[in-house]
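Source file: entry35.txt (compact mmCIF, C-alpha atoms)
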```txt
# COMPACT_ATOMS: atom_id res chain seq x y z
CA MET A 12 19.16 24.09 39.14
CA SER A 13 15.43 23.39 38.83
CA HIS A 14 15.50 24.42 35.15
CA ILE A 15 18.14 21.75 34.45
CA THR A 16 16.06 19.12 36.25
CA VAL A 17 12.90 20.12 34.39
CA GLU A 18 14.73 19.95 31.05
CA ARG A 19 16.25 16.55 31.91
CA ASN A 20 12.80 15.19 32.81
CA ARG A 21 11.32 16.60 29.58
CA ARG A 22 14.03 14.92 27.46
CA LYS A 23 13.56 11.66 29.36
CA GLN A 24 9.81 11.78 28.78
CA MET A 25 10.29 12.59 25.06
CA ASN A 26 12.68 9.65 24.67
CA GLU A 27 10.19 7.32 26.38
CA HIS A 28 7.39 8.52 24.09
CA LEU A 29 9.62 8.02 21.03
CA LYS A 30 10.40 4.47 22.18
CA VAL A 31 6.68 3.74 22.49
CA LEU A 32 5.98 5.21 19.04
CA ARG A 33 8.79 3.15 17.53
CA SER A 34 7.54 -0.03 19.18
CA LEU A 35 4.00 0.56 17.83
CA THR A 36 5.21 1.19 14.27
CA PRO A 37 6.26 -1.67 11.93
CA CYS A 38 10.04 -1.70 11.61
CA PHE A 39 10.19 -0.96 7.87
CA TYR A 40 8.57 2.45 8.40
CA VAL A 41 11.43 3.58 10.64
CA LYS A 42 14.70 3.35 8.72
CA ARG A 43 16.97 4.86 11.39
CA GLY A 44 16.73 5.44 15.13
CA ASP A 45 16.94 9.23 15.18
CA GLN A 46 13.95 11.30 16.31
CA ALA A 47 13.14 12.72 12.86
CA SER A 48 13.12 9.24 11.25
CA ILE A 49 10.90 7.83 13.99
CA ILE A 50 8.39 10.68 13.68
CA SER A 51 8.46 10.53 9.86
CA GLY A 52 7.85 6.76 9.91
CA VAL A 53 4.99 7.12 12.39
CA ILE A 54 3.38 9.80 10.21
CA GLU A 55 3.57 7.54 7.14
CA PHE A 56 2.13 4.61 9.12
CA ILE A 57 -0.74 6.75 10.45
CA LYS A 58 -1.51 7.98 6.91
CA GLU A 59 -1.82 4.39 5.71
CA LEU A 60 -3.98 3.45 8.69
CA HIS A 61 -6.19 6.43 7.89
CA GLU A 62 -6.58 5.21 4.28
CA VAL A 63 -7.53 1.75 5.54
CA LEU A 64 -10.05 3.27 7.95
CA GLN A 65 -11.65 5.32 5.17
CA SER A 66 -11.85 2.23 2.98
CA LEU A 67 -13.46 0.18 5.75
CA GLU A 68 -15.98 2.94 6.45
CA ALA A 69 -16.86 3.14 2.76
CA LYS A 70 -17.20 -0.64 2.60
CA LYS A 71 -19.45 -0.58 5.66
CA ARG A 72 -21.64 2.10 4.06
CA ARG A 73 -21.88 0.09 0.83
CA LYS A 74 -22.87 -3.05 2.76
CA SER A 75 -25.55 -1.17 4.71
CA LEU A 76 -27.00 0.20 1.44
CA SER A 77 -27.01 -3.10 -0.44
CA PRO A 78 -30.18 -5.20 0.15
CA SER A 79 -28.56 -8.63 0.04
CA PRO A 80 -24.96 -9.70 0.16
CA GLY A 81 -23.54 -11.34 -2.94
CA PRO A 82 -21.86 -14.73 -2.98
CA SER A 83 -18.61 -14.89 -1.11
CA PRO A 84 -15.58 -14.91 -3.38
CA THR A 85 -13.54 -18.06 -3.68
CA PRO A 86 -10.12 -17.75 -2.17
CA SER A 87 -7.26 -17.39 -4.61
CA PRO A 88 -3.57 -16.68 -4.33
CA ARG A 89 -2.40 -13.39 -2.92
CA LEU A 90 1.02 -11.83 -2.60
CA ALA A 91 3.64 -13.74 -0.68
CA ALA A 92 4.35 -11.69 2.42
CA SER A 93 5.90 -13.84 5.09
CA ASN A 94 7.25 -12.33 8.28
CA ASN A 95 10.84 -12.80 7.20
CA GLU A 96 10.13 -11.20 3.81
CA ILE A 97 8.60 -8.06 5.30
CA GLY A 98 10.77 -6.24 7.68
CA PHE A 99 14.40 -6.23 8.52
CA ASP A 100 16.93 -6.74 5.75
CA ASN A 101 15.16 -8.24 2.72
CA VAL A 102 14.17 -5.14 0.77
CA SER A 103 14.53 -6.71 -2.69
CA GLY A 104 11.46 -8.95 -2.19
CA LEU A 105 9.32 -5.94 -1.29
CA VAL A 106 9.41 -4.10 -4.63
CA GLY A 107 8.66 -5.12 -8.19
CA SER A 108 8.62 -2.99 -11.31
CA CYS A 109 8.16 -3.36 -15.03
CA ASN A 110 8.68 -0.55 -17.50
CA SER A 111 7.63 -0.56 -21.12
CA SER A 112 7.09 1.99 -23.85
CA VAL A 113 3.38 2.02 -22.95
CA ALA A 114 3.45 2.11 -19.13
CA ASP A 115 5.59 1.95 -16.02
CA VAL A 116 4.22 -0.33 -13.28
CA GLU A 117 5.62 -0.59 -9.76
CA ALA A 118 4.39 -2.49 -6.70
CA LYS A 119 5.76 -2.14 -3.19
CA ILE A 120 4.76 -4.02 -0.05
CA SER A 121 3.89 -1.55 2.67
CA GLY A 122 2.72 -3.15 5.90
CA SER A 123 0.00 -5.67 5.16
CA ASN A 124 -0.83 -3.85 1.93
CA VAL A 125 0.67 -3.36 -1.49
CA VAL A 126 0.99 0.07 -3.08
CA LEU A 127 0.65 -0.34 -6.85
CA ARG A 128 1.60 2.60 -9.09
CA THR A 129 1.15 2.88 -12.83
CA VAL A 130 2.20 5.76 -15.08
CA SER A 131 1.08 5.80 -18.69
CA ARG A 132 -0.47 7.93 -21.35
CA ARG A 133 -4.22 8.34 -20.92
CA ILE A 134 -5.96 5.17 -22.19
CA PRO A 135 -9.77 5.07 -22.05
CA GLY A 136 -10.99 2.23 -19.81
CA GLN A 137 -7.50 1.37 -18.52
CA VAL A 138 -8.34 1.78 -14.83
CA VAL A 139 -11.28 -0.61 -15.28
CA LYS A 140 -8.94 -3.22 -16.83
CA ILE A 141 -6.57 -2.94 -13.88
CA ILE A 142 -9.43 -3.21 -11.37
CA ARG A 143 -10.76 -6.30 -13.17
CA VAL A 144 -7.35 -7.99 -13.02
CA LEU A 145 -6.98 -7.18 -9.32
CA GLU A 146 -10.49 -8.50 -8.60
CA THR A 147 -9.81 -11.63 -10.68
CA LEU A 148 -6.77 -12.24 -8.47
CA SER A 149 -9.07 -11.70 -5.41
CA PHE A 150 -7.32 -8.58 -4.19
CA GLU A 151 -9.28 -6.07 -2.18
CA ILE A 152 -8.74 -2.50 -3.35
CA LEU A 153 -8.60 -0.28 -0.29
CA HIS A 154 -7.87 3.02 -2.00
CA LEU A 155 -7.39 4.42 -5.49
CA ASN A 156 -5.83 7.77 -6.30
CA ILE A 157 -5.86 9.10 -9.87
CA SER A 158 -3.71 12.04 -10.95
CA SER A 159 -3.32 13.34 -14.45
CA MET A 160 -1.40 16.01 -16.27
CA ASP A 161 -1.78 16.66 -19.98
CA ASP A 162 -1.87 13.19 -21.60
CA THR A 163 -0.24 11.32 -18.69
CA VAL A 164 -2.11 9.57 -15.89
CA LEU A 165 -0.89 8.14 -12.58
CA TYR A 166 -2.93 5.47 -10.80
CA ILE A 167 -2.00 4.60 -7.22
CA PHE A 168 -3.81 1.59 -5.74
CA THR A 169 -3.58 0.50 -2.12
CA ILE A 170 -4.36 -3.22 -2.11
CA LYS A 171 -4.93 -5.54 0.84
CA ILE A 172 -2.86 -8.73 0.93
CA GLY A 173 -2.79 -11.79 3.15
CA LEU A 174 0.05 -13.85 4.56
CA GLU A 175 -1.05 -17.00 2.71
CA CYS A 176 -0.42 -15.44 -0.72
CA GLN A 177 1.54 -17.29 -3.35
CA LEU A 178 1.79 -14.53 -5.98
CA SER A 179 5.03 -12.55 -5.93
CA VAL A 180 5.24 -8.79 -6.28
CA GLU A 181 6.93 -9.27 -9.65
CA GLU A 182 4.08 -11.52 -10.86
CA LEU A 183 1.52 -8.91 -9.80
CA VAL A 184 3.43 -6.25 -11.72
CA GLN A 185 3.52 -8.49 -14.82
CA GLU A 186 -0.25 -9.13 -14.60
CA VAL A 187 -0.97 -5.40 -14.40
CA GLN A 188 1.54 -4.59 -17.15
CA GLN A 189 -0.31 -7.00 -19.46
CA THR A 190 -3.48 -4.89 -19.14
CA PHE A 191 -1.71 -2.13 -21.06
CA SER A 192 -1.22 -4.22 -24.19
CA GLY A 193 -4.17 -4.40 -26.57
CA ASP A 194 -3.93 -8.15 -27.20
CA SER A 195 -3.60 -9.07 -23.52
CA GLN A 196 -4.82 -12.44 -22.36
CA ASN A 197 -6.51 -10.57 -19.52
CA ASP A 198 -8.81 -8.93 -22.07
CA ILE A 199 -9.85 -12.38 -23.27
CA ILE A 200 -10.35 -13.71 -19.74
CA LEU A 201 -12.24 -10.65 -18.56
CA ALA A 202 -14.41 -10.13 -21.61
```

This structure in structure tokens:
Amino acid sequence: MSHITVERNRRKQMNEHLKVLRSLTPCFYVKRGDQASIISGVIEFIKELHEVLQSLEAKKRRKSLSPSPGPSPTPSPRLAASNNEIGFDNVSGLVGSCNSSVADVEAKISGSNVVLRTVSRRIPGQVVKIIRVLETLSFEILHLNISSMDDTVLYIFTIKIGLECQLSVEELVQEVQQTFSGDSQNDIILA
């Protein structure tokens, strides 16, 4: 009889812990209410928090090494991410993509960040063009991952956004897609 009571208490405690984990995790990380989905969503959320922490630590180190801070950037539009757009049922506003013969570009809102992915053939200086466009739009790049195989390269940017943004995910994707064309207006602006 005591084994049954111990097991009942263990299950009750596990369910309480899962409820706490679910309440601490943004709702779009946990798609369903089962234990595996909750734990999977929490793991994904913790991974993103870890990336943000690493970025902040790197930024702090850079600031401590630089002798004088530069001028503060002027605010400019960021991605629209209102509370009703992020979260429950509106998934279509969270993803934007644009595919061309030169590159595939996809952006997805994930928490208070955007994950931007590009897949293309290897183009010298392309990552610098993308970074320039993101900086021109006053985005803060939190993390960049570069993977390549043969002549193909994958860039994955984690970008910080704010709630006051006016730029849509689709507009961001279009801006980045333009960096892949040789006669892009971004090349003229950024030159």

Do you know which residues are at most 10 Å from range 110-112 of chain A counting only C-alpha atoms, after dropping those on the same chain fewer than 6 positions away, and could you put them as a count of residues only?
8

Selection: 10 Å around Leu29 in chain A, only C-alpha atoms, excl. self and same-chain fewer than 5 positions, as JSON, numbers by chain
{"A": [23, 24, 34, 35, 44, 45, 46, 49, 50, 53]}

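Nearest-residue note for Ile141 in chain A: choosing from A:Leu76, A:Ile167, A:Leu178, A:Met25, the minimum distance belongs to A:Ile167, counting all atoms listed in the file.
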
May I ask for the distance between CA of Leu145 in chain A and CA of Val187 in chain A, given in Å to one decimal place?
8.1 Å

Point out the residue among A:Glu55, A:Glu117, A:Glu68, A:Glu182 with the least atom-to-atom distance to Phe168 in chain A, counting only C-alpha atoms.
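Smallest separation from Phe168 in chain A among the options: A:Glu117.
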
I'd like the contact shell of Val164 in chain A - 12 Å cut-off, only C-alpha atoms, skipping same-chain residues fewer than 6 positions apart - returned as a list in words.
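Returned residues: Val113, Ala114, Asp115, Arg128, Thr129, Val130, Ser131, Arg132, Arg133, Ile134, Pro135, Gln137, Val138, Asn156, Ile157 and Ser158 of chain A.
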
Just the number, please: distance in Å from CA of Val31 in chain A to CA of Arg43 in chain A, one decimal.
15.2 Å

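Atom to atom, CA of Ile120 in chain A and CA of Gly136 in chain A stand 26.0 Å apart.
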
Can you list, as an NGL selection string, every protein, DNA or RNA residue that comes within 6 Å of Val126 in chain A when you count all atoms listed in the file, leaving out same-chain residues fewer than 3 positions away?
:A and (118-119 or 168-169)

Under the rule that only C-alpha atoms are counted, which of A:Tyr40, A:Tyr166, A:Asn20, A:Ser75 is the nearest residue to Glu59 in chain A?
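Of A:Tyr40, A:Tyr166, A:Asn20, A:Ser75, the one nearest Glu59 in chain A is A:Tyr40, counting only C-alpha atoms.
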
Quick one: range 47-73 of chain A with N, CA, C and O atoms, as a short mmCIF file (atom, residue, chain, number, x, y, z; two decimals), keeping the file's coordinate frame?
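Okay, this is what ended up in result.cif:
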```cif
data_model
loop_
_atom_site.label_atom_id
_atom_site.label_comp_id
_atom_site.auth_asym_id
_atom_site.auth_seq_id
_atom_site.Cartn_x
_atom_site.Cartn_y
_atom_site.Cartn_z
N ALA A 47 13.83 12.32 14.09
CA ALA A 47 13.14 12.72 12.86
C ALA A 47 12.68 11.49 12.07
O ALA A 47 11.56 11.48 11.54
N SER A 48 13.50 10.45 11.99
CA SER A 48 13.12 9.24 11.25
C SER A 48 11.96 8.52 11.93
O SER A 48 11.06 8.02 11.26
N ILE A 49 11.99 8.48 13.25
CA ILE A 49 10.90 7.83 13.99
C ILE A 49 9.59 8.57 13.73
O ILE A 49 8.58 7.97 13.39
N ILE A 50 9.62 9.88 13.87
CA ILE A 50 8.39 10.68 13.68
C ILE A 50 7.91 10.59 12.24
O ILE A 50 6.72 10.42 11.97
N SER A 51 8.83 10.65 11.27
CA SER A 51 8.46 10.53 9.86
C SER A 51 7.82 9.17 9.57
O SER A 51 6.81 9.08 8.88
N GLY A 52 8.41 8.10 10.11
CA GLY A 52 7.85 6.76 9.91
C GLY A 52 6.48 6.62 10.54
O GLY A 52 5.57 6.01 9.95
N VAL A 53 6.29 7.18 11.72
CA VAL A 53 4.99 7.12 12.39
C VAL A 53 3.95 7.87 11.58
O VAL A 53 2.81 7.42 11.42
N ILE A 54 4.32 9.03 11.03
CA ILE A 54 3.38 9.80 10.21
C ILE A 54 2.95 8.98 9.00
O ILE A 54 1.76 8.91 8.67
N GLU A 55 3.89 8.35 8.32
CA GLU A 55 3.57 7.54 7.14
C GLU A 55 2.65 6.37 7.52
O GLU A 55 1.70 6.06 6.82
N PHE A 56 2.94 5.73 8.65
CA PHE A 56 2.13 4.61 9.12
C PHE A 56 0.70 5.08 9.44
O PHE A 56 -0.28 4.43 9.06
N ILE A 57 0.58 6.21 10.10
CA ILE A 57 -0.74 6.75 10.45
C ILE A 57 -1.52 7.11 9.19
O ILE A 57 -2.73 6.87 9.10
N LYS A 58 -0.84 7.67 8.18
CA LYS A 58 -1.51 7.98 6.91
C LYS A 58 -2.10 6.73 6.29
O LYS A 58 -3.24 6.73 5.81
N GLU A 59 -1.32 5.64 6.28
CA GLU A 59 -1.82 4.39 5.71
C GLU A 59 -2.97 3.82 6.53
O GLU A 59 -3.95 3.32 5.97
N LEU A 60 -2.88 3.91 7.85
CA LEU A 60 -3.98 3.45 8.69
C LEU A 60 -5.24 4.28 8.42
O LEU A 60 -6.35 3.74 8.41
N HIS A 61 -5.06 5.57 8.20
CA HIS A 61 -6.19 6.43 7.89
C HIS A 61 -6.85 6.02 6.58
O HIS A 61 -8.09 5.98 6.48
N GLU A 62 -6.04 5.68 5.56
CA GLU A 62 -6.58 5.21 4.28
C GLU A 62 -7.38 3.92 4.48
O GLU A 62 -8.46 3.75 3.91
N VAL A 63 -6.85 3.01 5.27
CA VAL A 63 -7.53 1.75 5.54
C VAL A 63 -8.85 2.02 6.26
O VAL A 63 -9.89 1.43 5.92
N LEU A 64 -8.83 2.92 7.22
CA LEU A 64 -10.05 3.27 7.95
C LEU A 64 -11.10 3.84 7.01
O LEU A 64 -12.27 3.45 7.07
N GLN A 65 -10.70 4.75 6.13
CA GLN A 65 -11.65 5.32 5.17
C GLN A 65 -12.23 4.24 4.27
O GLN A 65 -13.43 4.23 3.99
N SER A 66 -11.39 3.31 3.84
CA SER A 66 -11.85 2.23 2.98
C SER A 66 -12.86 1.35 3.72
O SER A 66 -13.89 0.96 3.16
N LEU A 67 -12.54 1.03 4.96
CA LEU A 67 -13.46 0.18 5.75
C LEU A 67 -14.79 0.89 6.00
O LEU A 67 -15.85 0.26 5.94
N GLU A 68 -14.74 2.19 6.25
CA GLU A 68 -15.98 2.94 6.45
C GLU A 68 -16.81 2.96 5.18
O GLU A 68 -18.04 2.80 5.22
N ALA A 69 -16.15 3.15 4.03
CA ALA A 69 -16.86 3.14 2.76
C ALA A 69 -17.46 1.76 2.48
O ALA A 69 -18.60 1.64 2.03
N LYS A 70 -16.71 0.73 2.79
CA LYS A 70 -17.20 -0.64 2.60
C LYS A 70 -18.41 -0.91 3.50
O LYS A 70 -19.39 -1.52 3.08
N LYS A 71 -18.33 -0.41 4.72
CA LYS A 71 -19.45 -0.58 5.66
C LYS A 71 -20.69 0.14 5.15
O LYS A 71 -21.80 -0.39 5.20
N ARG A 72 -20.50 1.36 4.62
CA ARG A 72 -21.64 2.10 4.06
C ARG A 72 -22.24 1.37 2.87
O ARG A 72 -23.45 1.28 2.73
N ARG A 73 -21.37 0.82 1.98
CA ARG A 73 -21.88 0.09 0.83
C ARG A 73 -22.68 -1.13 1.26
O ARG A 73 -23.72 -1.45 0.69
#
```
